[in-house]
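Dumped data.cif below, it's mmCIF, C-alpha atoms:
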```cif
data_protein
loop_
_atom_site.label_atom_id
_atom_site.label_comp_id
_atom_site.auth_asym_id
_atom_site.auth_seq_id
_atom_site.Cartn_x
_atom_site.Cartn_y
_atom_site.Cartn_z
CA MET Q 937 88.33 159.95 149.82
CA GLY Q 938 88.87 156.44 151.28
CA ALA Q 939 86.94 154.80 154.10
CA GLY Q 940 86.97 151.54 156.08
CA SER Q 941 89.69 149.06 156.99
CA SER Q 942 90.69 145.55 155.87
CA PRO Q 943 92.87 142.66 157.13
CA SER Q 944 96.60 143.12 156.88
CA SER Q 945 98.65 141.65 154.02
CA THR Q 946 99.51 138.67 156.23
CA GLY Q 947 95.85 137.61 156.20
CA ARG Q 948 95.46 138.10 159.96
CA PRO Q 949 92.77 140.41 161.36
CA PRO Q 950 93.95 143.72 162.90
CA GLU Q 951 94.85 143.93 166.53
CA PRO Q 952 91.73 144.75 168.56
CA VAL Q 953 91.27 148.21 170.12
CA GLY Q 954 90.73 147.39 173.77
CA PRO Q 955 88.56 144.45 174.78
CA VAL Q 956 86.95 142.57 171.92
CA MET Q 957 83.19 143.09 171.80
CA ASP Q 958 80.91 140.10 171.92
CA ARG Q 959 78.01 139.70 169.51
CA ASP Q 960 75.48 141.54 171.69
CA GLU Q 961 77.86 144.46 172.29
CA ALA Q 962 78.56 144.70 168.57
CA ASP Q 963 74.84 144.69 167.76
CA ARG Q 964 74.14 147.37 170.36
CA ALA Q 965 77.02 149.52 169.02
CA LEU Q 966 75.69 149.18 165.46
CA ALA Q 967 72.19 150.12 166.58
CA ARG Q 968 73.53 153.20 168.40
CA LEU Q 969 75.61 154.22 165.39
CA ASP Q 970 72.61 153.72 163.08
CA ALA Q 971 70.58 156.07 165.30
CA GLU Q 972 73.37 158.65 165.30
CA HIS Q 973 73.64 158.31 161.52
CA GLU Q 974 69.93 158.99 161.14
CA ALA Q 975 70.09 161.98 163.48
CA VAL Q 976 73.11 163.45 161.70
CA GLU Q 977 71.50 162.95 158.32
CA SER Q 978 68.28 164.65 159.45
CA SER Q 979 70.26 167.59 160.83
CA LEU Q 980 72.31 167.97 157.66
CA LEU Q 981 69.20 167.87 155.46
CA ALA Q 982 67.51 170.45 157.71
CA LEU Q 983 70.59 172.68 157.44
CA GLN Q 984 70.59 172.19 153.67
CA ASP Q 985 66.94 173.30 153.49
CA HIS Q 986 67.24 176.13 156.05
CA ALA Q 987 65.87 179.39 154.65
CA GLY Q 988 68.81 181.30 156.11
CA ARG Q 989 71.32 179.11 154.29
CA ARG Q 990 69.52 179.54 150.97
CA LEU Q 991 69.47 183.31 151.48
CA LEU Q 992 73.17 183.33 152.31
CA GLU Q 993 73.96 181.38 149.15
CA GLY Q 994 72.07 183.83 146.95
CA ALA Q 995 72.92 187.13 148.65
CA GLY Q 996 75.59 189.60 147.60
CA LEU Q 997 77.39 189.52 150.91
CA THR Q 998 79.91 192.01 152.25
CA GLY Q 999 81.99 192.58 155.36
CA VAL Q 1000 82.12 190.12 158.22
CA THR Q 1001 79.23 188.04 156.84
CA LYS Q 1002 81.02 187.46 153.53
CA GLU Q 1003 84.17 186.36 155.33
CA ARG Q 1004 82.44 184.06 157.80
CA TRP Q 1005 80.08 182.57 155.23
CA ALA Q 1006 82.99 181.59 152.99
CA ALA Q 1007 84.49 179.64 155.91
CA THR Q 1008 81.08 178.16 156.80
CA GLU Q 1009 80.52 176.93 153.24
CA GLN Q 1010 83.79 175.00 153.53
CA SER Q 1011 82.64 173.63 156.88
CA ILE Q 1012 79.37 172.44 155.36
CA SER Q 1013 81.26 170.77 152.50
CA LEU Q 1014 83.49 169.07 155.04
CA LEU Q 1015 80.43 168.01 157.00
CA TRP Q 1016 79.08 166.14 154.00
CA ALA Q 1017 82.48 164.59 153.36
CA TYR Q 1018 82.58 163.40 156.97
CA PHE Q 1019 79.03 162.13 156.71
CA ASP Q 1020 79.76 160.20 153.48
CA ALA Q 1021 82.81 158.61 155.13
CA TYR Q 1022 80.77 157.80 158.23
CA SER Q 1023 77.98 156.29 156.10
CA SER Q 1024 80.44 154.20 154.11
CA ALA Q 1025 82.23 152.94 157.22
CA LEU Q 1026 78.96 152.11 158.94
CA ALA Q 1027 77.66 150.27 155.85
CA SER Q 1028 80.91 148.28 155.70
CA ALA Q 1029 80.54 147.34 159.38
CA ARG Q 1030 76.94 146.24 158.76
CA GLU Q 1031 78.06 144.04 155.87
CA LEU Q 1032 80.72 142.44 158.08
CA ARG Q 1033 78.16 141.78 160.79
CA ALA Q 1034 75.72 140.30 158.27
CA ARG Q 1035 78.14 137.60 157.10
CA ARG Q 1036 77.32 135.24 159.93
CA ARG Q 1037 74.55 134.97 162.42
CA TRP Q 1038 77.10 133.86 165.00
CA PRO Q 1039 80.33 135.76 164.20
CA ASN Q 1040 83.64 134.07 165.08
CA ARG Q 1041 86.44 135.76 167.00
CA ASP Q 1042 88.15 137.12 163.89
CA ASP Q 1043 84.86 138.74 162.86
CA LEU Q 1044 84.42 140.24 166.31
CA VAL Q 1045 88.01 141.52 166.37
CA GLU Q 1046 87.47 143.23 163.02
CA LEU Q 1047 84.07 144.60 164.09
CA THR Q 1048 85.63 145.98 167.27
CA ASP Q 1049 88.31 147.70 165.19
CA ARG Q 1050 85.79 149.20 162.78
CA LEU Q 1051 83.38 150.33 165.44
CA ARG Q 1052 85.87 151.58 168.02
CA GLY Q 1053 89.23 152.06 166.31
CA GLU Q 1054 90.48 154.71 163.85
CA SER Q 1055 89.06 152.79 160.96
CA VAL Q 1056 88.02 155.72 158.72
CA THR Q 1057 90.58 157.45 156.52
CA LEU Q 1058 89.87 160.76 154.76
CA SER Q 1059 92.27 161.58 151.94
CA GLY Q 1060 93.36 164.98 150.63
CA ALA Q 1061 90.55 165.30 148.10
CA ALA Q 1062 88.00 165.44 150.91
CA LEU Q 1063 90.07 167.64 153.22
CA HIS Q 1064 91.33 170.12 150.61
CA GLY Q 1065 90.66 173.69 151.78
CA ALA Q 1066 88.62 172.53 154.77
CA PRO Q 1067 88.97 174.48 158.04
CA THR Q 1068 90.34 172.71 161.07
CA LEU Q 1069 88.71 172.87 164.47
CA ALA Q 1070 91.99 173.61 166.22
CA GLY Q 1071 92.84 176.40 163.83
CA GLY Q 1072 96.05 174.70 162.64
CA PRO Q 1073 97.00 173.75 159.08
CA ALA Q 1074 94.81 171.19 157.34
CA LYS Q 1075 96.23 167.69 156.90
CA LEU Q 1076 96.37 165.78 153.62
CA THR Q 1077 95.14 162.58 155.26
CA GLU Q 1078 93.43 161.98 158.59
CA ARG Q 1079 92.21 158.86 160.36
CA PHE Q 1080 89.16 158.85 162.61
CA SER Q 1081 87.08 156.56 164.71
CA LEU Q 1082 83.35 156.65 164.14
CA ALA Q 1083 82.93 158.38 167.52
CA ASP Q 1084 85.50 161.00 166.51
CA LEU Q 1085 83.66 161.60 163.26
CA VAL Q 1086 80.37 162.13 165.09
CA HIS Q 1087 82.09 164.56 167.47
CA ARG Q 1088 83.66 166.46 164.55
CA MET Q 1089 80.36 166.60 162.69
CA ASN Q 1090 78.52 167.88 165.76
CA GLU Q 1091 81.03 170.70 166.24
CA LEU Q 1092 81.01 171.72 162.58
CA TYR Q 1093 77.24 171.51 162.45
CA ALA Q 1094 76.85 173.69 165.56
CA ARG Q 1095 79.19 176.35 164.19
CA SER Q 1096 77.53 176.34 160.78
CA LEU Q 1097 74.02 176.41 162.19
CA ASP Q 1098 74.95 179.25 164.56
CA LEU Q 1099 75.96 181.46 161.65
CA VAL Q 1100 72.93 180.52 159.54
CA VAL Q 1101 70.48 181.09 162.40
CA ALA Q 1102 72.10 184.42 163.34
CA ALA Q 1103 71.93 185.74 159.78
CA ASP Q 1104 68.36 184.50 159.37
CA ALA Q 1105 67.33 186.11 162.68
CA VAL Q 1106 68.70 189.50 161.58
CA TRP Q 1107 67.04 189.21 158.16
CA SER Q 1108 63.76 188.18 159.77
CA ALA Q 1109 63.77 191.06 162.26
CA LEU Q 1110 65.40 194.17 160.85
CA PRO Q 1111 64.45 194.58 157.16
CA ALA Q 1112 60.72 194.23 157.91
CA ARG Q 1113 60.95 196.78 160.73
CA ILE Q 1114 63.00 199.12 158.55
CA ASP Q 1115 60.41 198.83 155.77
CA LEU Q 1116 57.57 199.65 158.19
CA LEU Q 1117 59.51 202.65 159.48
CA ALA Q 1118 60.25 203.72 155.91
CA ALA Q 1119 56.52 203.55 155.11
CA GLU Q 1120 55.79 205.71 158.16
CA LEU Q 1121 58.57 208.04 157.05
CA HIS Q 1122 56.95 208.33 153.61
CA ARG Q 1123 53.59 209.28 155.16
CA THR Q 1124 55.28 211.78 157.46
CA ARG Q 1125 57.13 213.35 154.54
CA GLY Q 1126 53.86 213.83 152.65
CA LEU Q 1127 52.23 215.42 155.69
CA ALA Q 1128 55.28 217.59 156.32
CA HIS Q 1129 55.27 218.79 152.72
CA SER Q 1130 51.59 219.74 153.00
CA VAL Q 1131 52.32 222.09 155.92
CA GLY Q 1132 55.46 223.58 154.42
CA VAL Q 1133 58.06 221.56 156.34
CA ARG Q 1134 60.63 221.08 153.59
CA PRO Q 1135 64.40 220.54 153.45
CA GLY Q 1136 66.28 223.82 153.55
CA GLU Q 1137 63.24 225.66 154.94
CA HIS Q 1138 62.65 223.94 158.27
CA PRO Q 1139 64.96 221.90 160.55
CA SER Q 1140 62.47 219.02 160.61
CA GLY Q 1141 62.56 218.90 156.82
CA ASP Q 1142 66.33 218.44 157.00
CA ASP Q 1143 65.85 215.76 159.66
CA LEU Q 1144 63.49 213.84 157.37
CA GLU Q 1145 66.10 213.86 154.62
CA SER Q 1146 68.72 212.60 157.05
CA ILE Q 1147 66.44 209.81 158.34
CA THR Q 1148 65.61 208.78 154.77
CA ALA Q 1149 69.29 208.43 153.89
CA GLU Q 1150 70.01 206.57 157.14
CA LEU Q 1151 67.23 204.03 156.59
CA ALA Q 1152 68.31 203.37 153.00
CA GLU Q 1153 71.93 202.83 154.04
CA LEU Q 1154 70.90 200.74 157.05
CA ARG Q 1155 68.68 198.43 154.99
CA SER Q 1156 71.38 197.92 152.39
CA ARG Q 1157 73.93 197.09 155.08
CA VAL Q 1158 71.58 194.71 156.90
CA ILE Q 1159 70.86 192.80 153.69
CA SER Q 1160 74.51 192.47 152.66
CA ASP Q 1161 76.13 192.07 156.09
CA PRO Q 1162 73.57 190.76 158.61
CA LEU Q 1163 76.20 189.43 161.02
CA ALA Q 1164 77.40 193.00 161.59
CA PHE Q 1165 74.04 193.47 163.36
CA TRP Q 1166 74.18 190.38 165.57
CA VAL Q 1167 74.94 190.46 169.29
CA PRO Q 1168 75.83 186.98 170.64
CA ALA Q 1169 74.38 186.10 174.02
CA PRO Q 1170 77.15 186.01 176.67
CA GLY Q 1171 77.93 182.46 177.73
CA SER Q 1172 75.39 180.90 175.37
CA SER Q 1173 76.47 177.72 173.56
CA ALA Q 1174 73.18 177.14 171.75
CA PRO Q 1175 73.19 177.79 167.98
CA GLY Q 1176 71.81 181.25 167.29
CA GLY Q 1177 72.10 182.39 170.89
CA GLY Q 1178 71.89 186.16 170.76
CA ARG Q 1179 69.78 188.96 169.35
CA PRO Q 1180 69.74 191.43 166.44
CA ASP Q 1181 71.45 194.76 167.17
CA THR Q 1182 68.72 197.39 166.66
CA ALA Q 1183 70.63 200.43 167.96
CA ARG Q 1184 70.76 202.27 164.60
CA TYR Q 1185 67.15 201.41 163.84
CA ASP Q 1186 66.06 202.63 167.28
CA ARG Q 1187 67.88 205.95 166.79
CA ALA Q 1188 66.16 206.48 163.44
CA ALA Q 1189 62.78 205.60 164.96
CA ARG Q 1190 63.28 208.09 167.80
CA ALA Q 1191 64.36 210.80 165.34
CA LEU Q 1192 61.23 210.19 163.24
CA GLU Q 1193 59.06 210.36 166.35
CA ASP Q 1194 60.60 213.75 167.19
CA VAL Q 1195 59.79 214.98 163.69
CA ARG Q 1196 56.23 213.66 163.95
CA ARG Q 1197 55.74 215.62 167.16
CA GLU Q 1198 56.98 218.76 165.42
CA ILE Q 1199 54.62 218.13 162.49
CA ASP Q 1200 51.74 217.64 164.95
CA ALA Q 1201 52.60 220.99 166.51
CA VAL Q 1202 52.51 222.62 163.08
CA LEU Q 1203 49.17 220.93 162.31
CA THR Q 1204 47.80 222.22 165.60
CA VAL Q 1205 48.89 225.69 164.57
CA ARG Q 1206 47.06 225.32 161.27
CA GLN Q 1207 43.85 224.29 163.06
CA ASP Q 1208 43.72 227.08 165.64
CA ALA Q 1209 45.91 229.76 164.05
CA GLU Q 1210 43.08 232.29 163.61
CA GLN Q 1211 41.91 231.88 167.21
CA ARG Q 1212 45.44 232.32 168.54
CA LEU Q 1213 45.99 235.37 166.33
CA ALA Q 1214 42.73 236.87 167.64
CA ARG Q 1215 43.87 236.30 171.22
CA LEU Q 1216 47.21 237.94 170.45
CA ARG Q 1217 45.49 240.98 168.93
CA ASP Q 1218 43.32 241.26 172.04
CA VAL Q 1219 46.27 241.01 174.44
CA LEU Q 1220 48.30 243.59 172.53
CA SER Q 1221 45.24 245.87 172.27
CA ARG Q 1222 44.74 245.67 176.05
CA ALA Q 1223 48.41 246.45 176.56
CA ASP Q 1224 48.14 249.49 174.27
CA ARG Q 1225 45.01 250.74 176.05
CA THR Q 1226 46.69 250.29 179.42
CA LEU Q 1227 49.74 252.24 178.25
CA ALA Q 1228 47.45 254.96 176.87
CA GLU Q 1229 45.70 255.11 180.24
CA ALA Q 1230 49.09 255.32 181.95
CA ARG Q 1231 50.14 258.21 179.70
CA SER Q 1232 46.87 260.05 180.42
CA ALA Q 1233 47.25 259.41 184.14
CA ARG Q 1234 50.81 260.70 184.03
CA GLY Q 1235 49.59 263.98 182.61
CA GLU Q 1236 46.99 264.19 185.34
CA VAL Q 1237 49.55 263.42 188.04
CA LEU Q 1238 51.98 266.02 186.73
CA ALA Q 1239 49.16 268.60 186.76
CA LYS Q 1240 47.72 267.72 190.17
CA ILE Q 1241 50.63 266.47 192.25
CA ALA Q 1242 53.63 268.66 193.05
CA ALA Q 1243 57.14 267.57 194.02
CA SER Q 1244 56.57 263.98 192.90
CA GLU Q 1245 58.72 261.84 190.60
CA VAL Q 1246 56.49 260.29 187.94
CA PRO Q 1247 58.08 257.63 185.69
CA ALA Q 1248 57.89 258.02 181.95
CA VAL Q 1249 55.49 255.82 179.97
CA SER Q 1250 56.70 254.13 176.80
CA GLY Q 1251 54.65 253.78 173.68
CA PRO Q 1252 53.23 250.54 172.24
CA SER Q 1253 55.71 247.91 171.02
CA ILE Q 1254 56.30 248.45 167.31
CA VAL Q 1255 58.29 245.20 167.10
CA LEU Q 1256 55.41 243.10 168.42
CA GLN Q 1257 52.97 244.75 166.03
CA GLU Q 1258 55.30 244.00 163.13
CA GLN Q 1259 55.66 240.39 164.26
CA LEU Q 1260 51.89 240.08 164.54
CA ALA Q 1261 51.56 241.36 161.00
CA SER Q 1262 54.14 238.80 159.85
CA ALA Q 1263 52.21 236.04 161.63
CA ALA Q 1264 49.03 237.04 159.82
CA GLU Q 1265 50.94 237.01 156.54
CA TYR Q 1266 52.28 233.52 157.25
CA ARG Q 1267 48.76 232.32 157.88
CA ARG Q 1268 47.45 233.82 154.65
CA HIS Q 1269 50.15 232.01 152.68
CA ALA Q 1270 49.84 228.72 154.66
CA GLN Q 1271 53.43 228.94 155.89
CA TRP Q 1272 52.57 226.94 159.00
CA HIS Q 1273 56.14 225.88 159.70
CA ARG Q 1274 57.11 229.53 160.09
CA LEU Q 1275 53.94 230.54 161.88
CA SER Q 1276 54.30 227.88 164.60
CA PRO Q 1277 57.48 229.17 166.33
CA LEU Q 1278 56.49 232.81 165.74
CA LEU Q 1279 53.14 232.34 167.48
CA GLU Q 1280 54.79 230.67 170.47
CA SER Q 1281 57.25 233.53 170.97
CA LEU Q 1282 54.57 236.18 170.31
CA GLU Q 1283 52.26 234.70 172.93
CA ARG Q 1284 54.98 234.90 175.57
CA GLU Q 1285 56.06 238.41 174.61
CA ALA Q 1286 52.49 239.73 174.37
CA GLU Q 1287 51.73 238.59 177.92
CA ASP Q 1288 54.97 240.23 179.07
CA GLU Q 1289 53.97 243.43 177.27
CA LEU Q 1290 50.55 243.50 179.02
CA LEU Q 1291 52.21 242.93 182.40
CA ARG Q 1292 54.69 245.75 181.70
CA ALA Q 1293 51.83 248.12 180.77
CA ARG Q 1294 49.95 247.29 183.98
CA GLU Q 1295 53.07 247.83 186.06
CA SER Q 1296 53.63 251.17 184.31
CA LEU Q 1297 50.04 252.27 185.07
CA THR Q 1298 50.45 251.26 188.71
CA ALA Q 1299 53.71 253.17 189.04
CA VAL Q 1300 52.31 256.31 187.36
CA THR Q 1301 49.10 256.45 189.41
CA ALA Q 1302 50.81 255.78 192.77
CA PRO Q 1303 50.79 259.50 193.78
CA LEU Q 1304 47.04 259.74 193.04
CA ALA Q 1305 46.50 256.65 195.17
CA VAL Q 1306 48.46 258.24 198.00
CA ARG Q 1307 46.37 261.45 197.72
CA ALA Q 1308 43.14 259.39 197.73
CA GLU Q 1309 44.32 257.54 200.83
CA LEU Q 1310 45.09 260.83 202.64
CA ARG Q 1311 41.69 262.27 201.66
CA GLY Q 1312 39.96 259.17 202.97
CA ARG Q 1313 41.89 259.28 206.23
CA LEU Q 1314 41.10 262.98 206.76
CA ASP Q 1315 37.36 262.47 206.19
CA ALA Q 1316 37.34 259.38 208.44
CA TYR Q 1317 38.77 261.39 211.36
CA LYS Q 1318 36.34 264.25 210.73
CA ALA Q 1319 33.42 261.80 210.94
CA LYS Q 1320 34.82 260.35 214.17
CA VAL Q 1321 35.13 263.83 215.70
CA ALA Q 1322 31.56 264.62 214.67
CA ARG Q 1323 30.25 261.45 216.34
CA HIS Q 1324 31.75 262.66 219.63
CA GLY Q 1325 30.23 266.14 219.31
CA MET Q 1326 33.51 267.96 218.72
CA ALA Q 1327 32.91 269.09 215.14
CA GLU Q 1328 32.82 272.78 216.20
CA ASP Q 1329 36.16 272.75 217.98
CA PRO Q 1330 38.06 275.79 216.57
CA LEU Q 1331 41.46 274.06 216.48
CA LEU Q 1332 40.08 271.03 214.72
CA ILE Q 1333 38.20 273.20 212.21
CA GLU Q 1334 41.35 275.17 211.48
CA ARG Q 1335 43.54 272.12 210.98
CA TYR Q 1336 40.91 270.29 208.96
CA ASP Q 1337 40.49 273.24 206.59
CA ALA Q 1338 44.26 273.54 206.18
CA ALA Q 1339 44.66 269.84 205.30
CA ARG Q 1340 41.64 269.91 203.01
CA ARG Q 1341 42.89 272.94 201.05
CA MET Q 1342 46.19 271.13 200.45
CA LEU Q 1343 44.56 267.85 199.37
CA TRP Q 1344 41.91 269.40 197.13
CA SER Q 1345 44.08 272.01 195.49
CA ALA Q 1346 46.31 271.59 192.45
CA PRO Q 1347 49.12 270.99 192.37
CA CYS Q 1348 49.10 269.06 195.62
CA ASP Q 1349 52.31 268.69 197.58
CA LEU Q 1350 51.85 265.21 199.04
CA ARG Q 1351 54.57 265.55 201.66
CA VAL Q 1352 53.14 268.81 203.03
CA ALA Q 1353 49.56 267.46 202.76
CA GLU Q 1354 50.51 264.32 204.69
CA GLN Q 1355 51.98 266.45 207.51
CA ALA Q 1356 48.77 268.51 207.63
CA VAL Q 1357 46.68 265.34 207.92
CA LEU Q 1358 48.94 264.05 210.70
CA ARG Q 1359 48.54 267.36 212.59
CA TYR Q 1360 44.76 267.08 212.34
CA GLN Q 1361 44.92 263.45 213.56
CA ARG Q 1362 47.02 264.42 216.59
CA ALA Q 1363 44.74 267.33 217.45
CA ALA Q 1364 41.68 265.11 217.18
CA ALA Q 1365 43.30 262.52 219.41
CA GLU Q 1366 44.12 265.11 222.05
CA VAL Q 1367 40.53 266.39 222.07
CA LEU Q 1368 38.88 262.98 222.03
CA VAL Q 1369 40.90 261.26 224.76
CA PRO Q 1370 39.62 263.40 227.70
CA ARG Q 1371 36.03 263.09 226.39
CA GLN Q 1372 36.31 259.32 226.12
CA SER Q 1373 37.91 258.89 229.59
CA GLY Q 1374 35.52 261.24 231.48
CA PRO Q 1375 32.74 258.77 232.23
CA HIS Q 1376 35.29 256.24 233.50
CA ASP Q 1377 36.63 258.86 236.01
CA VAL Q 1378 33.14 259.62 237.25
CA ARG Q 1379 32.37 255.97 237.75
CA GLY Q 1380 35.70 255.59 239.50
CA ASP Q 1381 34.97 258.46 241.96
CA SER Q 1382 31.57 257.13 242.91
#
```
Output the file's structure in the form of structure tokens.
Amino acid sequence: MGAGSSPSSTGRPPEPVGPVMDRDEADRALARLDAEHEAVESSLLALQDHAGRRLLEGAGLTGVTKERWAATEQSISLLWAYFDAYSSALASARELRARRRWPNRDDLVELTDRLRGESVTLSGAALHGAPTLAGGPAKLTERFSLADLVHRMNELYARSLDLVVAADAVWSALPARIDLLAAELHRTRGLAHSVGVRPGEHPSGDDLESITAELAELRSRVISDPLAFWVPAPGSSAPGGGRPDTARYDRAARALEDVRREIDAVLTVRQDAEQRLARLRDVLSRADRTLAEARSARGEVLAKIAASEVPAVSGPSIVLQEQLASAAEYRRHAQWHRLSPLLESLEREAEDELLRARESLTAVTAPLAVRAELRGRLDAYKAKVARHGMAEDPLLIERYDAARRMLWSAPCDLRVAEQAVLRYQRAAAEVLVPRQSGPHDVRGDS
């Protein structure tokens, strides 16, 4: 690597680049370049000490991170080569300025060339294998002005820092979160095992195995290829502008939360299993008693009611009784993962069975309800007739006795009995209307 410039072989100073600076301009330019030198040096040292860079150097990288880090390492090497050339050229310019308190024109011409012209030459040793900003082939020798060097260093530094910050951000965010989730997964697996939720025996047990494998693979990938989990911020030019991609982590977290809810449901079953089983036995017992009552009522209806269609009554549900016995067996053997879904389905089916038994009893006893309604109607009209002093009316007595014999005899033909009641009602109405309207006629005549 070579740096700096010198007078030509003729002994004359180089041609100035633009207007020749005076002493004050040269001093101000040197002061500005000294400040830039200090800033660049501080930035390079900070990059050198960055935790992300040290991790990248020591990690077994793969994928896109391995490829981009290899290019970034070359960029960082080139940065230091540029900085060394910049430092050397700036030191040479300081030495030239320090020769005289009042520099002559030749000194000022040379200072102008060194400070403004392409006075820094980088040879092939420094540029070998270095990436170019334009993406073209690297040159064996390049000449730069100090301003060009600062611009080049700023661009290389920004690109290098962007990669280092992105990798460090992913490593700072995801592995710790994955480890916390893995710890929660471990606790959930222990709890699941205690209630019988195991792989091959319960879907949630299989889910836990799948989440375990996913977290292990995800952590390994994040460690070896962090840039595969980096989402750059659109339009951002700041180094490290973006965020870690947590999509896979979020899916695993949601899957674990679903499993935890299932485990909680199983734990709830373990806590109140006996109470729920007792309720189920009670519901099924009520359903059986209701069906037994319906069967007894059906026999009574068939004996007492003629010409009536009475639906058949089924027996108790053998399937539900068998399932209840299985549920009790699961509880005895602490097979909570099997008991949980069985109890849920049994509770629904037992309520349906009780409703079916009640509907069956209602359907079977409908003819008896009709007979009771006809009996009540007949007696209500008889009482009304008696209140009006017509209880001894021969026609009413005859029709009442006929309807009563039909309703209180067995078997009772409901259709015939209903007609008899209607005949008594009509006869009573015909007798009662004149009696009720008589006083009105008298008052009308007077």
All residues 12 Å or closer to region 1211-1223 of chain Q, all atoms listed in the file, same chain fewer than 3 positions away omitted, as a ChimeraX atom specification: /Q:1204-1208,1226-1230,1250-1268,1275-1276,1278-1297
Nearest candidate to Ala971 (chain Q) (options Q:Thr1182, Q:Ser1023, Q:Thr1077, Q:Thr1001; using only C-alpha atoms): Q:Ser1023
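Here CA of Phe1019 (chain Q) and CA of Leu980 (chain Q) stand 9.0 Å from one another.
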CA of Ala995 (chain Q) to CA of Ser1011 (chain Q), distance in Å rounded to a single decimal: 18.6 Å
Distance criterion (all atoms listed in the file): nearest to Glu1145 (chain Q) out of Q:Leu1192, Q:Arg1095, Q:Val1106, Q:Lys1240: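 Selected residue with least distance to Glu1145 (chain Q): Q:Leu1192.
The protein and nucleic acid residues lying at most 12 Å from Pro1039 (chain Q) are Met957, Asp958, Arg959, Asp960, Ala962, Asp963, Glu1031, Leu1032, Arg1033, Val1045, Glu1046, Leu1047 and Thr1048 of chain Q, with only C-alpha atoms considered and sequence neighbours fewer than 6 positions away removed.
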Selection dump of the PyMOL selection byres ((chain Q and resi 1317) around 10), as a list of chain:residue names: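 Applying the PyMOL selection byres ((chain Q and resi 1317) around 10) to the structure shown produces Q:Gly1312, Q:Arg1313, Q:Leu1314, Q:Asp1315, Q:Ala1316, Q:Lys1318, Q:Ala1319, Q:Lys1320, Q:Val1321, Q:Ala1322, Q:Arg1323, Q:Tyr1336, Q:Val1357, Q:Tyr1360, Q:Gln1361, Q:Ala1364, Q:Ala1365.
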Check which residues satisfy the PyMOL selection byres ((chain Q and resi 1188) around 12) in the file shown, then give them as an mmCIF file with C-alpha atoms, in the frame of the given file.
```
data_model
loop_
_atom_site.group_PDB
_atom_site.id
_atom_site.type_symbol
_atom_site.label_atom_id
_atom_site.label_comp_id
_atom_site.auth_asym_id
_atom_site.auth_seq_id
_atom_site.Cartn_x
_atom_site.Cartn_y
_atom_site.Cartn_z
ATOM 1 C CA ARG Q 1113 60.950 196.780 160.730
ATOM 2 C CA ILE Q 1114 63.000 199.120 158.550
ATOM 3 C CA LEU Q 1117 59.510 202.650 159.480
ATOM 4 C CA ALA Q 1118 60.250 203.720 155.910
ATOM 5 C CA GLU Q 1120 55.790 205.710 158.160
ATOM 6 C CA LEU Q 1121 58.570 208.040 157.050
ATOM 7 C CA ASP Q 1143 65.850 215.760 159.660
ATOM 8 C CA LEU Q 1144 63.490 213.840 157.370
ATOM 9 C CA GLU Q 1145 66.100 213.860 154.620
ATOM 10 C CA SER Q 1146 68.720 212.600 157.050
ATOM 11 C CA ILE Q 1147 66.440 209.810 158.340
ATOM 12 C CA THR Q 1148 65.610 208.780 154.770
ATOM 13 C CA ALA Q 1149 69.290 208.430 153.890
ATOM 14 C CA GLU Q 1150 70.010 206.570 157.140
ATOM 15 C CA LEU Q 1151 67.230 204.030 156.590
ATOM 16 C CA ALA Q 1152 68.310 203.370 153.000
ATOM 17 C CA GLU Q 1153 71.930 202.830 154.040
ATOM 18 C CA LEU Q 1154 70.900 200.740 157.050
ATOM 19 C CA ARG Q 1155 68.680 198.430 154.990
ATOM 20 C CA THR Q 1182 68.720 197.390 166.660
ATOM 21 C CA ALA Q 1183 70.630 200.430 167.960
ATOM 22 C CA ARG Q 1184 70.760 202.270 164.600
ATOM 23 C CA TYR Q 1185 67.150 201.410 163.840
ATOM 24 C CA ASP Q 1186 66.060 202.630 167.280
ATOM 25 C CA ARG Q 1187 67.880 205.950 166.790
ATOM 26 C CA ALA Q 1189 62.780 205.600 164.960
ATOM 27 C CA ARG Q 1190 63.280 208.090 167.800
ATOM 28 C CA ALA Q 1191 64.360 210.800 165.340
ATOM 29 C CA LEU Q 1192 61.230 210.190 163.240
ATOM 30 C CA GLU Q 1193 59.060 210.360 166.350
ATOM 31 C CA ASP Q 1194 60.600 213.750 167.190
ATOM 32 C CA VAL Q 1195 59.790 214.980 163.690
#
```
Distance in Å - CA of Asp1349 (chain Q) versus CA of Ala1242 (chain Q): 4.7 Å
Polymer residues at most 12 Å from (61.3, 260.7, 191.9) by only C-alpha atoms, as a PyMOL selection string: chain Q and resi 1238+1242-1248+1299-1300+1302-1303
Test item: the PyMOL selection byres ((chain Q and resi 997) around 10) resolved as a ChimeraX atom specification: /Q:992-996,998-1003,1005-1006,1157-1162
